[in-house]
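Read the structure below first, then the notes.
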Amino acid sequence: MPARLPGTRLVASIDVEWSKNYRIKNGNQAFCYSIVWLTVPTGDGSPLLLATGSLPVAYTSLYLDGDAERGDLVAAAAADIAAATEAADLITGHQLCSDLAVLAANAGPRPPAALLAARQAWHDRRTDTARQVLDTRFDADHVLFGRSRRLVDVCGELDLDVTQPELARKSMTALHRDWLTNRDVEARERITVLNLRHSLSTALVGLRAAGELTWPKPVNVNTMVATALAGRLGWLDHPTFRALLPERQAS
């Protein structure tokens, strides 16, 4: 979590990836989450103009090594969400209610208090005078015209390029299985990047919906991801990912 600098606001954006099985009770199992932090200068009340790379990005990203670690992952997520609730001026998520519900269900009969508090804050977000929680699935209608509220469609409408090559050949479920059964590091890294892209793009949409940020031309979110995670993940150097970046497209 970055330090709060004078003259700035902190934004925390949360995204959880989970395997989906609606046919059995508690069949949705979280296996990866991220929180992206943006430090946004406070201004004169007019939206800040975004230039790619102009906002400092910090992040937490956690991915379990095996199903036996799910309890540890939930506990870590609860601690990080508690820190975000304490420190952030704005908390965003895309259908955040579902992510929090899955974490709470995975925690067993006694979910961490931080998760229960976060779920209550989500329910109370529209009556909270501080406007700390904004869900981009439900609270961004005033900046959108299309009907779809899928994150990828919302980003497309707002000129955020969130091209996701990670899922071109395999589903997220298949990639996650490749990691669990075959220790396929690239599969895990593909989902990690996908998860962080979700968090980062959600933060940008949330700031746009809150009237704090705008951009005069399309923003390549993959460039922001590559800058924030430089040298951390091999997938970022894969030709398929590099082809999405402007310098590669121009060469």
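Here's how to read the names in the structure tokens: chain A, B, ... by the order shown, residue numbers from 1 in each chain, ligand numbers from 1 in the order shown.
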Can you tell me, as a ChimeraX atom specification, which residues in region 101-213 of chain A count as helix (DSSP H, G or I) by DSSP? /A:101-106,113-123,141-143,151-157,165-167,172-182,185-209
Quick one: residues within 8 Å of Ile191 (chain A), only C-alpha atoms, excluding same-chain residues fewer than 2 positions away - as a list in words? Glu166, Met172, Leu175, His176, Ala187, Arg188, Glu189, Val193, Leu194 and Asn195 of chain A
Residues of the last selection are to be written out with C-alpha atoms, as a PDB file, in the first residue's frame.
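Contents of out04.pdb, as written:
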```pdb
ATOM      1  CA  GLU A 166      -4.561 -14.539 -22.329  1.00  0.00           C
ATOM      2  CA  MET A 172      -9.500 -19.169 -17.408  1.00  0.00           C
ATOM      3  CA  LEU A 175      -5.404 -22.121 -17.578  1.00  0.00           C
ATOM      4  CA  HIS A 176      -5.906 -22.484 -13.835  1.00  0.00           C
ATOM      5  CA  ALA A 187      -0.663 -20.231 -17.381  1.00  0.00           C
ATOM      6  CA  ARG A 188      -0.552 -18.789 -13.874  1.00  0.00           C
ATOM      7  CA  GLU A 189       1.092 -15.588 -15.121  1.00  0.00           C
ATOM      8  CA  VAL A 193      -1.960 -10.311 -15.688  1.00  0.00           C
ATOM      9  CA  LEU A 194      -5.632 -10.702 -16.564  1.00  0.00           C
ATOM     10  CA  ASN A 195      -6.556 -10.181 -12.915  1.00  0.00           C
TER      11      ASN A 195
END
```
Taking into account only C-alpha atoms, which residue in the set A:Thr92, A:Ser13, A:Thr202, A:Ser19 is nearest to Arg177 (chain A)?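 Nearest to Arg177 (chain A): A:Ser19.
Comparing A:Thr214, A:Asp161, A:Leu167, A:Glu186 by their smallest distance to His238 (chain A), the closest is A:Glu186 (using only C-alpha atoms).
Proximity to Leu213 (chain A) was assessed for A:Ser98, A:Thr39, A:Thr181, A:Thr85 counting only C-alpha atoms; the smallest distance is recorded for A:Thr39.
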